[in-house]
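File shown: upload-v9.cif (mmCIF, C-alpha atoms).
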data_target
#
loop_
_atom_site.label_atom_id
_atom_site.label_comp_id
_atom_site.auth_asym_id
_atom_site.auth_seq_id
_atom_site.Cartn_x
_atom_site.Cartn_y
_atom_site.Cartn_z
CA MET B 1 0.00 0.00 0.00
CA GLN B 2 2.92 2.33 0.56
CA ASN B 3 3.11 3.17 -3.16
CA LEU B 4 -0.32 4.80 -2.77
CA ILE B 5 1.18 7.52 -0.59
CA PRO B 6 2.41 10.60 -2.46
CA THR B 7 5.33 12.62 -1.13
CA ILE B 8 3.97 15.81 0.42
CA PRO B 9 6.63 18.56 0.53
CA SER B 10 6.83 21.15 3.28
CA LEU B 11 5.28 24.53 2.55
CA GLN B 12 8.09 26.32 4.36
CA ASP B 13 8.70 29.60 2.50
CA LEU B 14 10.40 32.16 4.71
CA THR B 15 10.11 34.92 2.11
CA LEU B 16 6.35 34.50 1.70
CA GLN B 17 5.86 34.06 5.43
CA ALA B 18 7.68 37.32 6.14
CA ALA B 19 5.68 39.14 3.44
CA LEU B 20 2.39 37.84 4.83
CA GLN B 21 3.35 38.83 8.37
CA ARG B 22 4.28 42.36 7.22
CA ARG B 23 0.95 42.62 5.43
CA ILE B 24 -0.97 41.44 8.50
CA ASP B 25 0.96 43.71 10.87
CA GLY B 26 0.47 46.67 8.53
CA LYS B 27 -3.32 46.60 8.70
CA THR B 28 -5.10 49.38 10.59
CA LYS B 29 -5.19 47.64 13.97
CA PRO B 30 -2.94 47.11 16.96
CA LEU B 31 -0.39 44.33 16.47
CA GLY B 32 -2.02 40.96 17.02
CA ALA B 33 -5.44 42.49 17.67
CA LEU B 34 -7.26 39.97 15.45
CA GLY B 35 -5.85 37.13 17.51
CA GLN B 36 -6.35 33.66 16.09
CA LEU B 37 -7.70 35.12 12.86
CA GLU B 38 -4.20 36.43 12.13
CA HIS B 39 -2.76 32.92 12.45
CA LEU B 40 -5.49 31.77 10.07
CA MET B 41 -4.55 34.43 7.52
CA LEU B 42 -0.94 33.32 7.64
CA ARG B 43 -1.88 29.62 7.34
CA ILE B 44 -4.16 30.14 4.32
CA GLY B 45 -1.67 32.44 2.61
CA LEU B 46 1.11 29.86 2.97
CA ILE B 47 -1.10 27.00 1.75
CA LEU B 48 -2.27 28.90 -1.33
CA GLY B 49 1.08 30.58 -1.91
CA SER B 50 -0.26 34.14 -1.99
CA GLU B 51 -0.27 37.36 0.03
CA THR B 52 -3.89 37.83 -1.12
CA PRO B 53 -5.33 34.30 -1.16
CA VAL B 54 -8.75 33.63 -2.66
CA LEU B 55 -10.81 30.57 -1.73
CA ARG B 56 -12.41 29.01 -4.82
CA GLU B 57 -15.18 26.41 -5.24
CA PRO B 58 -14.95 24.80 -1.79
CA GLN B 59 -15.84 21.11 -1.74
CA LEU B 60 -17.67 19.71 1.29
CA MET B 61 -17.39 15.93 1.05
CA VAL B 62 -19.25 13.66 3.48
CA PHE B 63 -17.94 10.08 3.40
CA ALA B 64 -20.32 7.41 4.73
CA GLY B 65 -19.71 3.82 5.76
CA ASP B 66 -20.98 1.11 8.08
CA HIS B 67 -18.96 -0.74 10.71
CA GLY B 68 -19.15 -4.41 11.63
CA LEU B 69 -18.08 -3.54 15.17
CA ALA B 70 -21.42 -1.77 15.66
CA ARG B 71 -22.93 -5.22 16.20
CA GLN B 72 -21.11 -5.30 19.54
CA GLY B 73 -23.27 -2.50 20.96
CA VAL B 74 -20.70 0.32 20.80
CA SER B 75 -23.29 2.87 19.60
CA ALA B 76 -26.61 4.06 20.98
CA TYR B 77 -28.11 3.94 17.46
CA PRO B 78 -28.68 1.02 15.07
CA SER B 79 -26.61 0.74 11.90
CA ASP B 80 -29.64 1.58 9.73
CA VAL B 81 -29.22 5.18 10.82
CA THR B 82 -26.17 5.43 8.54
CA TRP B 83 -28.15 4.98 5.32
CA GLN B 84 -31.14 6.90 6.68
CA MET B 85 -28.90 9.91 7.38
CA VAL B 86 -27.36 9.66 3.90
CA GLU B 87 -30.89 9.98 2.53
CA ASN B 88 -31.43 12.96 4.84
CA PHE B 89 -28.25 14.62 3.52
CA LEU B 90 -29.40 14.13 -0.05
CA ALA B 91 -32.90 15.41 0.71
CA GLY B 92 -31.39 18.57 2.17
CA GLY B 93 -32.70 18.05 5.69
CA ALA B 94 -29.54 17.46 7.74
CA ALA B 95 -27.63 20.17 9.60
CA VAL B 96 -24.73 19.93 7.15
CA SER B 97 -27.17 20.27 4.22
CA VAL B 98 -28.57 23.49 5.69
CA LEU B 99 -25.12 24.89 6.39
CA ALA B 100 -23.85 23.97 2.91
CA ARG B 101 -26.75 25.90 1.35
CA GLN B 102 -26.20 28.86 3.67
CA HIS B 103 -22.50 29.17 2.88
CA GLY B 104 -22.53 28.19 -0.79
CA LEU B 105 -20.58 24.97 -0.29
CA SER B 106 -20.71 22.22 -2.89
CA LEU B 107 -21.92 19.16 -0.94
CA THR B 108 -21.06 15.66 -2.15
CA VAL B 109 -22.08 12.54 -0.23
CA VAL B 110 -19.85 9.52 -0.88
CA ASP B 111 -21.07 5.98 -0.22
CA ALA B 112 -17.73 4.51 0.83
CA GLY B 113 -19.22 1.34 2.28
CA VAL B 114 -22.81 1.65 3.50
CA ALA B 115 -24.81 -1.54 4.01
CA HIS B 116 -27.60 -0.28 1.73
CA GLU B 117 -28.21 0.14 -1.97
CA PHE B 118 -28.87 3.75 -2.93
CA ALA B 119 -30.62 4.96 -6.06
CA PRO B 120 -28.21 7.07 -8.12
CA ARG B 121 -28.90 10.81 -8.01
CA ALA B 122 -27.25 14.20 -8.04
CA GLY B 123 -24.96 14.86 -5.10
CA LEU B 124 -24.29 11.17 -4.41
CA VAL B 125 -21.17 9.26 -5.41
CA ILE B 126 -21.50 5.49 -5.05
CA ALA B 127 -17.96 4.23 -4.42
CA LYS B 128 -18.79 1.30 -2.15
CA VAL B 129 -15.80 -0.89 -1.26
CA ALA B 130 -18.11 -3.36 0.51
CA ALA B 131 -21.38 -3.26 2.43
CA GLY B 132 -19.72 -2.26 5.68
CA THR B 133 -16.46 -3.32 7.25
CA ALA B 134 -15.90 -6.60 9.04
CA ASP B 135 -16.29 -6.79 12.81
CA SER B 136 -12.87 -5.78 14.14
CA SER B 137 -13.53 -7.69 17.38
CA GLU B 138 -13.24 -10.85 15.27
CA GLN B 139 -10.89 -9.94 12.38
CA PRO B 140 -9.36 -6.87 10.71
CA ALA B 141 -12.06 -4.40 9.71
CA MET B 142 -10.60 -4.23 6.20
CA THR B 143 -8.32 -6.42 4.18
CA THR B 144 -5.12 -4.80 2.95
CA GLU B 145 -6.63 -4.69 -0.53
CA GLN B 146 -9.85 -3.05 0.66
CA CYS B 147 -7.93 -0.43 2.59
CA ALA B 148 -5.78 0.35 -0.46
CA THR B 149 -8.88 0.60 -2.65
CA ALA B 150 -10.54 3.03 -0.24
CA ILE B 151 -7.48 5.27 -0.07
CA ALA B 152 -7.05 5.26 -3.85
CA THR B 153 -10.74 6.06 -4.32
CA GLY B 154 -10.56 9.00 -1.93
CA LYS B 155 -7.58 10.39 -3.84
CA HIS B 156 -9.34 9.95 -7.19
CA LEU B 157 -12.62 11.52 -6.07
CA LEU B 158 -10.88 14.61 -4.74
CA ALA B 159 -8.68 14.97 -7.83
CA GLN B 160 -11.83 15.07 -9.99
CA ARG B 161 -13.23 18.09 -8.15
CA PRO B 162 -12.48 21.77 -8.71
CA GLY B 163 -11.50 24.40 -6.20
CA ASN B 164 -8.76 24.90 -3.65
CA ALA B 165 -10.49 23.93 -0.39
CA LEU B 166 -11.74 20.61 1.01
CA LEU B 167 -14.11 20.42 3.98
CA LEU B 168 -14.19 16.94 5.53
CA GLY B 169 -17.34 15.28 6.82
CA GLU B 170 -18.39 11.72 7.64
CA MET B 171 -21.29 9.51 8.65
CA GLY B 172 -21.16 6.00 10.04
CA ILE B 173 -22.71 4.38 13.09
CA GLY B 174 -19.77 2.97 15.05
CA ASN B 175 -17.14 5.25 13.58
CA THR B 176 -16.29 6.96 16.87
CA SER B 177 -15.06 3.52 17.93
CA SER B 178 -12.77 3.30 14.89
CA ALA B 179 -11.44 6.79 15.56
CA THR B 180 -10.91 5.94 19.23
CA LEU B 181 -8.98 2.80 18.36
CA LEU B 182 -6.77 4.68 15.89
CA LEU B 183 -6.03 7.39 18.45
CA ALA B 184 -5.23 4.91 21.20
CA ARG B 185 -2.95 2.81 19.01
CA LEU B 186 -1.12 5.57 17.11
CA GLN B 187 -0.65 7.70 20.23
CA ASN B 188 -0.09 4.75 22.59
CA LEU B 189 -2.80 6.00 24.96
CA PRO B 190 -5.01 4.02 27.38
CA ILE B 191 -8.31 3.17 25.77
CA GLU B 192 -10.18 4.52 28.81
CA GLN B 193 -8.83 8.03 28.17
CA CYS B 194 -9.79 7.96 24.50
CA THR B 195 -13.31 6.53 24.69
CA GLY B 196 -16.39 8.74 24.74
CA ARG B 197 -20.14 8.35 24.51
CA GLY B 198 -20.31 8.81 20.74
CA THR B 199 -23.94 9.28 19.74
CA GLY B 200 -25.08 9.22 23.38
CA LEU B 201 -24.31 6.03 25.28
CA ASP B 202 -25.38 5.82 28.91
CA ASP B 203 -22.89 4.86 31.66
CA ALA B 204 -23.40 1.12 31.19
CA GLY B 205 -23.05 1.48 27.44
CA LEU B 206 -19.87 3.50 27.82
CA GLN B 207 -18.32 0.84 30.06
CA ARG B 208 -19.29 -1.88 27.57
CA LYS B 209 -17.71 0.18 24.77
CA ILE B 210 -14.46 0.60 26.73
CA GLU B 211 -14.26 -3.15 27.39
CA THR B 212 -15.04 -3.98 23.75
CA LEU B 213 -12.48 -1.56 22.35
CA GLY B 214 -9.84 -2.77 24.80
CA ALA B 215 -10.37 -6.32 23.52
CA VAL B 216 -10.12 -5.11 19.90
CA LEU B 217 -6.79 -3.44 20.64
CA GLN B 218 -5.47 -6.67 22.14
CA ARG B 219 -6.69 -8.74 19.19
CA HIS B 220 -4.78 -6.46 16.78
CA ALA B 221 -1.75 -5.90 18.99
CA PHE B 222 0.65 -6.04 16.04
CA ALA B 223 -1.22 -3.48 13.92
CA VAL B 224 1.08 -0.64 14.95
CA GLU B 225 2.02 1.07 11.68
CA PRO B 226 -0.51 3.68 10.39
CA LEU B 227 -1.78 1.62 7.45
CA GLN B 228 -1.92 -1.56 9.54
CA ALA B 229 -3.96 0.25 12.19
CA LEU B 230 -6.23 1.78 9.57
CA ALA B 231 -6.97 -1.64 8.05
CA GLY B 232 -7.35 -3.26 11.46
CA PHE B 233 -9.80 -0.76 12.89
CA GLY B 234 -11.61 0.69 9.84
CA GLY B 235 -13.70 2.14 8.44
CA PHE B 236 -14.07 2.60 4.71
CA GLU B 237 -15.15 6.23 5.14
CA ILE B 238 -12.07 7.00 7.25
CA ALA B 239 -9.75 5.36 4.72
CA MET B 240 -11.33 7.32 1.87
CA MET B 241 -10.86 10.52 3.88
CA VAL B 242 -7.18 9.59 4.28
CA GLY B 243 -6.91 9.39 0.49
CA ALA B 244 -8.76 12.67 -0.01
CA VAL B 245 -6.55 14.40 2.57
CA LEU B 246 -3.36 13.17 0.91
CA GLN B 247 -4.56 14.33 -2.52
CA ALA B 248 -5.73 17.70 -1.19
CA ALA B 249 -2.37 18.21 0.51
CA LEU B 250 -0.53 17.30 -2.69
CA GLU B 251 -2.61 19.88 -4.61
CA ARG B 252 -2.12 22.57 -1.90
CA ARG B 253 -5.79 22.81 -1.10
CA VAL B 254 -6.89 24.18 2.27
CA ILE B 255 -8.14 21.19 4.30
CA VAL B 256 -10.85 22.10 6.83
CA VAL B 257 -11.00 19.29 9.39
CA ASP B 258 -14.32 18.72 11.14
CA GLY B 259 -14.32 16.72 14.36
CA PHE B 260 -13.06 13.53 15.97
CA ILE B 261 -13.53 11.08 13.10
CA ALA B 262 -12.19 13.43 10.43
CA GLY B 263 -9.31 14.09 12.82
CA ALA B 264 -8.56 10.36 12.92
CA ALA B 265 -8.18 10.35 9.13
CA VAL B 266 -5.83 13.32 9.33
CA LEU B 267 -3.86 11.60 12.11
CA VAL B 268 -3.27 8.59 9.85
CA ALA B 269 -2.40 10.81 6.85
CA ALA B 270 0.00 12.89 8.93
CA ARG B 271 1.77 9.79 10.23
CA LEU B 272 2.32 8.85 6.59
CA GLN B 273 3.27 12.37 5.42
CA PRO B 274 3.81 14.90 8.25
CA ALA B 275 3.62 17.96 5.96
CA VAL B 276 -0.11 17.23 5.55
CA LEU B 277 -0.65 19.19 8.77
CA GLU B 278 0.69 22.38 7.16
CA ARG B 279 -2.39 22.33 4.90
CA CYS B 280 -4.96 21.79 7.68
CA VAL B 281 -7.31 24.17 9.48
CA PHE B 282 -9.08 22.55 12.44
CA ALA B 283 -12.68 23.68 12.68
CA HIS B 284 -13.68 22.97 16.26
CA ARG B 285 -13.19 21.09 19.51
CA SER B 286 -16.03 18.63 19.99
CA MET B 287 -17.56 17.12 23.11
CA GLU B 288 -16.24 13.65 22.24
CA ALA B 289 -13.85 12.58 25.00
CA GLY B 290 -10.94 11.72 22.72
CA HIS B 291 -11.10 14.82 20.57
CA ARG B 292 -9.02 16.95 22.91
CA LEU B 293 -6.34 14.25 22.86
CA MET B 294 -6.63 14.02 19.06
CA LEU B 295 -6.10 17.77 18.69
CA GLU B 296 -3.08 17.58 21.01
CA ALA B 297 -1.64 14.75 18.91
CA LEU B 298 -2.07 16.91 15.81
CA ASP B 299 -0.68 20.04 17.54
CA ALA B 300 -3.90 21.76 16.47
CA GLU B 301 -5.66 24.84 17.79
CA PRO B 302 -9.32 24.69 16.65
CA LEU B 303 -11.24 27.77 15.56
CA LEU B 304 -14.45 27.04 17.48
CA ASP B 305 -15.47 25.41 20.75
CA LEU B 306 -19.27 25.15 20.67
CA GLY B 307 -19.87 21.86 22.45
CA LEU B 308 -20.71 20.13 19.16
CA ARG B 309 -20.89 16.34 18.84
CA LEU B 310 -22.77 15.90 15.57
CA GLY B 311 -20.12 15.13 12.97
CA GLU B 312 -21.18 15.04 9.29
CA GLY B 313 -18.98 18.07 8.51
CA SER B 314 -21.21 20.46 10.45
CA GLY B 315 -18.32 22.00 12.41
CA ALA B 316 -16.27 22.50 9.25
CA ALA B 317 -19.20 24.26 7.58
CA LEU B 318 -19.73 26.48 10.64
CA ALA B 319 -16.05 27.49 10.63
CA TRP B 320 -15.97 28.22 6.88
CA PRO B 321 -17.00 31.93 7.16
CA LEU B 322 -13.94 32.53 9.36
CA LEU B 323 -11.68 31.37 6.52
CA GLN B 324 -13.53 33.67 4.14
CA SER B 325 -13.14 36.57 6.55
CA ALA B 326 -9.42 35.90 6.91
CA CYS B 327 -8.96 36.14 3.14
CA LYS B 328 -11.13 39.25 2.84
CA ILE B 329 -9.18 41.05 5.56
CA LEU B 330 -5.87 40.21 3.90
CA SER B 331 -7.11 41.54 0.56
CA GLU B 332 -9.37 44.45 1.50
CA MET B 333 -8.52 45.86 4.93
CA ALA B 334 -6.61 49.12 4.67
CA SER B 335 -3.00 49.49 5.76
CA PHE B 336 -1.82 52.33 7.96
CA GLU B 337 -0.10 53.81 4.93
CA SER B 338 -3.05 53.59 2.53
CA ALA B 339 -5.52 54.91 5.10
CA GLY B 340 -3.28 57.70 6.37
CA VAL B 341 -3.55 56.41 9.93
CA SER B 342 -0.68 56.84 12.36
CA LYS B 343 0.95 53.65 13.67
CA GLN B 344 1.37 52.92 17.36
CA ASP B 345 4.70 53.97 18.81
#

For this file, write the structure as structure tokens.
Amino acid sequence: MQNLIPTIPSLQDLTLQAALQRRIDGKTKPLGALGQLEHLMLRIGLILGSETPVLREPQLMVFAGDHGLARQGVSAYPSDVTWQMVENFLAGGAAVSVLARQHGLSLTVVDAGVAHEFAPRAGLVIAKVAAGTADSSEQPAMTTEQCATAIATGKHLLAQRPGNALLLGEMGIGNTSSATLLLARLQNLPIEQCTGRGTGLDDAGLQRKIETLGAVLQRHAFAVEPLQALAGFGGFEIAMMVGAVLQAALERRVIVVDGFIAGAAVLVAARLQPAVLERCVFAHRSMEAGHRLMLEALDAEPLLDLGLRLGEGSGAALAWPLLQSACKILSEMASFESAGVSKQD
């Protein structure tokens, strides 16, 4: 599978970085007065290679897949909710659908491996690897070949789409368990610290989930490399996001990372190619227990902290206007010189 992984070069450009910082500091404001937004301006400018970056044709891609491990009771919802929510996305009724309309985001839903047959229609890409992953408590969630196919498909789907920004979203009952397992294994953390309630488990359900995931980690004790862990723990939607992230990074697109599950895909991609992280903007800090640890592992400072725990790309869509504002300020806000305003001493 290693030949699937493109080499992602560093974006380090000291000349452009200095020029961007001068431009930011020269705006009619006290130094640093726009806080985190100034870091965002610098990040986007470096990704897009411009002192006046323009975001074009943003692609919001929601990857959906089912998980065999869900049969072990690790989610408060049945697996049928995966395909039902895909239908809701396509009908325009989900939170991410509303936000995509509001912010002019092109929304694509990708069937990466849902245990349901969808009728073809606009906005849906059927790229099913299989009808859900295997149960990782019994065997690897994906074969090596399935994992490679999912990554390659994610790369291909992103390469087909226009624009210079990718917003990541996902849907899959049981996928917080996959993300938790990837975090615990790749960061060598206790499963108890990484495991949260997902879609709303009660205390007994949470304890059952911790015990189940601990047993899965033991069963796949030798799946320690990123691609081994990805195949061992799933899911198809996470593997396709890994491929999309790698392709977006290669093309120098801005990658807007949603929550915990999207973060797991980025964690895998960054372990394969560390410079991926130079292209990422992290939308928010969710309520999922492991997300704080995930953000620490990625050395990420999220833009929002709204207590979200929805997934589906909703946090990325909510953060999108901040990226637009960062670009507008870089391009349109007056400098001290152009406005005839005196600088601070």

Point-to-point distance from atom CA of Thr52 of chain B to atom CA of Leu107 of chain B, Å rounded to tenths: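 Atom CA of Leu107 of chain B lies 26.0 Å from atom CA of Thr52 of chain B.
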
Could you tell me how far atom CA of Leu227 of chain B lies from atom CA of Leu189 of chain B, in Å and to one decimal?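 Value for the atom CA of Leu227 of chain B-atom CA of Leu189 of chain B distance: 18.1 Å.
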
Starting from the displayed file, determine the output of the PyMOL selection byres ((chain B and resi 225) around 10) and express the residue list as a PyMOL selection string. chain B and resi 185-186+222-224+226-230+268+271-272

Counting all atoms listed in the file, what is within 7 Å of segment 74-89 of chain B, bar same-chain residues fewer than 3 positions away, as a list in words?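 The residues that qualify are Asp66, Ala70, Gly92, Gly93, Ala94, Ser97, Val114, His116, Met171, Gly172, Ile173, Gly174, Gly198, Thr199, Gly200, Leu201 and Lys209 of chain B.
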
Distance in Å - atom CA of Gln139 of chain B versus atom CA of Arg219 of chain B: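 For atom CA of Gln139 of chain B relative to atom CA of Arg219 of chain B, the distance reads 8.1 Å.
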
Excluding same-chain residues fewer than 5 positions from Ile8 of chain B, what lies within 7 Å of it counting only C-alpha atoms, as a ChimeraX atom specification? /B:249-250,273,275-276

Counting all atoms listed in the file, which residue out of B:Ile24, B:Ala91, B:Leu182, B:Val242 sits closest to Leu217 of chain B?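 Checking each of B:Ile24, B:Ala91, B:Leu182, B:Val242 against Leu217 of chain B, counting all atoms listed in the file, the winner is B:Leu182.
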
The PyMOL selection byres ((chain B and resi 46) around 9) - which residues does that actually catch in the file I just gave you? List them as a list in words.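 Matching residues under the PyMOL selection byres ((chain B and resi 46) around 9) are Leu11, Gln12, Asp13, Leu16, Gln17, Leu20, Met41, Leu42, Arg43, Ile44, Gly45, Ile47, Leu48, Gly49, Ser50, Glu51, Pro53, Glu278 and Arg279 of chain B.
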
Store the residues picked out above, limited to C-alpha atoms, as a short mmCIF file (atom, residue, chain, number, x, y, z; two decimals), keeping the file's coordinate frame.
data_model
loop_
_atom_site.label_atom_id
_atom_site.label_comp_id
_atom_site.auth_asym_id
_atom_site.auth_seq_id
_atom_site.Cartn_x
_atom_site.Cartn_y
_atom_site.Cartn_z
CA LEU B 11 5.28 24.53 2.55
CA GLN B 12 8.09 26.32 4.36
CA ASP B 13 8.70 29.60 2.50
CA LEU B 16 6.35 34.50 1.70
CA GLN B 17 5.86 34.06 5.43
CA LEU B 20 2.39 37.84 4.83
CA MET B 41 -4.55 34.43 7.52
CA LEU B 42 -0.94 33.32 7.64
CA ARG B 43 -1.88 29.62 7.34
CA ILE B 44 -4.16 30.14 4.32
CA GLY B 45 -1.67 32.44 2.61
CA ILE B 47 -1.10 27.00 1.75
CA LEU B 48 -2.27 28.90 -1.33
CA GLY B 49 1.08 30.58 -1.91
CA SER B 50 -0.26 34.14 -1.99
CA GLU B 51 -0.27 37.36 0.03
CA PRO B 53 -5.33 34.30 -1.16
CA GLU B 278 0.69 22.38 7.16
CA ARG B 279 -2.39 22.33 4.90
#

Starting from the PyMOL selection byres ((chain B and resi 121) around 12), expand the selection into actual residues of this file and give them as number ranges by chain. B: 87, 90-91, 108-110, 118-120, 122-126

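The protein and nucleic acid residues lying at most 9 Å from Ala262 of chain B are Leu168, Gly169, Glu170, Ala179, Ile238, Met241, Val242, Val257, Leu267, Gly311 and Gly313 of chain B, with all atoms listed in the file considered and sequence neighbours fewer than 5 positions away removed.
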
Polymer residues at most 12 Å from Ala239 of chain B, all atoms listed in the file, same-chain spacing of 4 or more positions, as an mmCIF file with C-alpha atoms, keeping the file's coordinate frame:
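Saved as part.cif:
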data_model
loop_
_atom_site.group_PDB
_atom_site.id
_atom_site.type_symbol
_atom_site.label_atom_id
_atom_site.label_comp_id
_atom_site.auth_asym_id
_atom_site.auth_seq_id
_atom_site.Cartn_x
_atom_site.Cartn_y
_atom_site.Cartn_z
ATOM 1 C CA PHE B 63 -17.940 10.080 3.400
ATOM 2 C CA ALA B 64 -20.320 7.410 4.730
ATOM 3 C CA GLY B 65 -19.710 3.820 5.760
ATOM 4 C CA ALA B 112 -17.730 4.510 0.830
ATOM 5 C CA GLY B 113 -19.220 1.340 2.280
ATOM 6 C CA VAL B 129 -15.800 -0.890 -1.260
ATOM 7 C CA THR B 133 -16.460 -3.320 7.250
ATOM 8 C CA ALA B 141 -12.060 -4.400 9.710
ATOM 9 C CA MET B 142 -10.600 -4.230 6.200
ATOM 10 C CA THR B 143 -8.320 -6.420 4.180
ATOM 11 C CA THR B 144 -5.120 -4.800 2.950
ATOM 12 C CA GLU B 145 -6.630 -4.690 -0.530
ATOM 13 C CA GLN B 146 -9.850 -3.050 0.660
ATOM 14 C CA CYS B 147 -7.930 -0.430 2.590
ATOM 15 C CA ALA B 148 -5.780 0.350 -0.460
ATOM 16 C CA THR B 149 -8.880 0.600 -2.650
ATOM 17 C CA ALA B 150 -10.540 3.030 -0.240
ATOM 18 C CA ILE B 151 -7.480 5.270 -0.070
ATOM 19 C CA ALA B 152 -7.050 5.260 -3.850
ATOM 20 C CA THR B 153 -10.740 6.060 -4.320
ATOM 21 C CA GLY B 154 -10.560 9.000 -1.930
ATOM 22 C CA LYS B 155 -7.580 10.390 -3.840
ATOM 23 C CA GLU B 170 -18.390 11.720 7.640
ATOM 24 C CA ASN B 175 -17.140 5.250 13.580
ATOM 25 C CA SER B 178 -12.770 3.300 14.890
ATOM 26 C CA ALA B 179 -11.440 6.790 15.560
ATOM 27 C CA LEU B 182 -6.770 4.680 15.890
ATOM 28 C CA PRO B 226 -0.510 3.680 10.390
ATOM 29 C CA LEU B 227 -1.780 1.620 7.450
ATOM 30 C CA GLN B 228 -1.920 -1.560 9.540
ATOM 31 C CA ALA B 229 -3.960 0.250 12.190
ATOM 32 C CA LEU B 230 -6.230 1.780 9.570
ATOM 33 C CA ALA B 231 -6.970 -1.640 8.050
ATOM 34 C CA GLY B 232 -7.350 -3.260 11.460
ATOM 35 C CA PHE B 233 -9.800 -0.760 12.890
ATOM 36 C CA GLY B 234 -11.610 0.690 9.840
ATOM 37 C CA GLY B 235 -13.700 2.140 8.440
ATOM 38 C CA GLY B 243 -6.910 9.390 0.490
ATOM 39 C CA ALA B 244 -8.760 12.670 -0.010
ATOM 40 C CA VAL B 245 -6.550 14.400 2.570
ATOM 41 C CA LEU B 246 -3.360 13.170 0.910
ATOM 42 C CA ILE B 261 -13.530 11.080 13.100
ATOM 43 C CA ALA B 262 -12.190 13.430 10.430
ATOM 44 C CA GLY B 263 -9.310 14.090 12.820
ATOM 45 C CA ALA B 264 -8.560 10.360 12.920
ATOM 46 C CA ALA B 265 -8.180 10.350 9.130
ATOM 47 C CA VAL B 266 -5.830 13.320 9.330
ATOM 48 C CA LEU B 267 -3.860 11.600 12.110
ATOM 49 C CA VAL B 268 -3.270 8.590 9.850
ATOM 50 C CA ALA B 269 -2.400 10.810 6.850
#

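Proximity ranking of B:Thr212, B:Gln21, B:Gln36, B:Gln187 relative to Val281 of chain B places B:Gln36 first, based on all atoms listed in the file.
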
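With only C-alpha atoms as the atoms that count, the minimum distance from Asp258 of chain B to the choices B:Ser314, B:Gln102, B:Ser136, B:Gln160 is reached by B:Ser314.
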
Which residue, B:Pro30, B:Pro162, B:Gly214, B:Gly104, has the smallest gap to Thr195 of chain B when you use all atoms listed in the file?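 Of B:Pro30, B:Pro162, B:Gly214, B:Gly104, the one nearest Thr195 of chain B, counting all atoms listed in the file, is B:Gly214.
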
Which neighbours of Gln344 of chain B fall inside 12 Å, counting all atoms listed in the file, when residues of the same chain fewer than 3 positions from it are skipped, and could you give them as number ranges by chain? B: 25-31, 336, 341

Add whatever atoms are absent from segment 14-23 of chain B to reach N, CA, C and O atoms, and provide the output as a PDB file, in the frame of the given file.
ATOM      1  N   LEU B  14      10.129  31.070   3.776  1.00  0.00           N
ATOM      2  CA  LEU B  14      10.400  32.160   4.710  1.00  0.00           C
ATOM      3  C   LEU B  14      10.132  33.525   4.090  1.00  0.00           C
ATOM      4  O   LEU B  14       9.707  34.457   4.786  1.00  0.00           O
ATOM      5  N   THR B  15      10.354  33.647   2.781  1.00  0.00           N
ATOM      6  CA  THR B  15      10.110  34.920   2.110  1.00  0.00           C
ATOM      7  C   THR B  15       8.627  35.253   2.107  1.00  0.00           C
ATOM      8  O   THR B  15       8.213  36.366   2.459  1.00  0.00           O
ATOM      9  N   LEU B  16       7.792  34.274   1.710  1.00  0.00           N
ATOM     10  CA  LEU B  16       6.350  34.500   1.700  1.00  0.00           C
ATOM     11  C   LEU B  16       5.823  34.692   3.112  1.00  0.00           C
ATOM     12  O   LEU B  16       4.965  35.561   3.353  1.00  0.00           O
ATOM     13  N   GLN B  17       6.323  33.925   4.053  1.00  0.00           N
ATOM     14  CA  GLN B  17       5.860  34.060   5.430  1.00  0.00           C
ATOM     15  C   GLN B  17       6.150  35.461   5.967  1.00  0.00           C
ATOM     16  O   GLN B  17       5.287  36.080   6.603  1.00  0.00           O
ATOM     17  N   ALA B  18       7.330  35.972   5.685  1.00  0.00           N
ATOM     18  CA  ALA B  18       7.680  37.320   6.140  1.00  0.00           C
ATOM     19  C   ALA B  18       6.792  38.368   5.473  1.00  0.00           C
ATOM     20  O   ALA B  18       6.350  39.342   6.107  1.00  0.00           O
ATOM     21  N   ALA B  19       6.522  38.182   4.164  1.00  0.00           N
ATOM     22  CA  ALA B  19       5.680  39.140   3.440  1.00  0.00           C
ATOM     23  C   ALA B  19       4.255  39.126   3.981  1.00  0.00           C
ATOM     24  O   ALA B  19       3.623  40.190   4.135  1.00  0.00           O
ATOM     25  N   LEU B  20       3.734  37.942   4.256  1.00  0.00           N
ATOM     26  CA  LEU B  20       2.390  37.840   4.830  1.00  0.00           C
ATOM     27  C   LEU B  20       2.338  38.492   6.212  1.00  0.00           C
ATOM     28  O   LEU B  20       1.380  39.213   6.525  1.00  0.00           O
ATOM     29  N   GLN B  21       3.356  38.255   7.033  1.00  0.00           N
ATOM     30  CA  GLN B  21       3.350  38.830   8.370  1.00  0.00           C
ATOM     31  C   GLN B  21       3.423  40.351   8.316  1.00  0.00           C
ATOM     32  O   GLN B  21       2.741  41.044   9.082  1.00  0.00           O
ATOM     33  N   ARG B  22       4.228  40.890   7.390  1.00  0.00           N
ATOM     34  CA  ARG B  22       4.280  42.360   7.220  1.00  0.00           C
ATOM     35  C   ARG B  22       2.915  42.887   6.807  1.00  0.00           C
ATOM     36  O   ARG B  22       2.472  43.939   7.285  1.00  0.00           O
ATOM     37  N   ARG B  23       2.270  42.178   5.909  1.00  0.00           N
ATOM     38  CA  ARG B  23       0.950  42.620   5.430  1.00  0.00           C
ATOM     39  C   ARG B  23      -0.061  42.605   6.574  1.00  0.00           C
ATOM     40  O   ARG B  23      -0.853  43.540   6.732  1.00  0.00           O
TER      41      ARG B  23
END
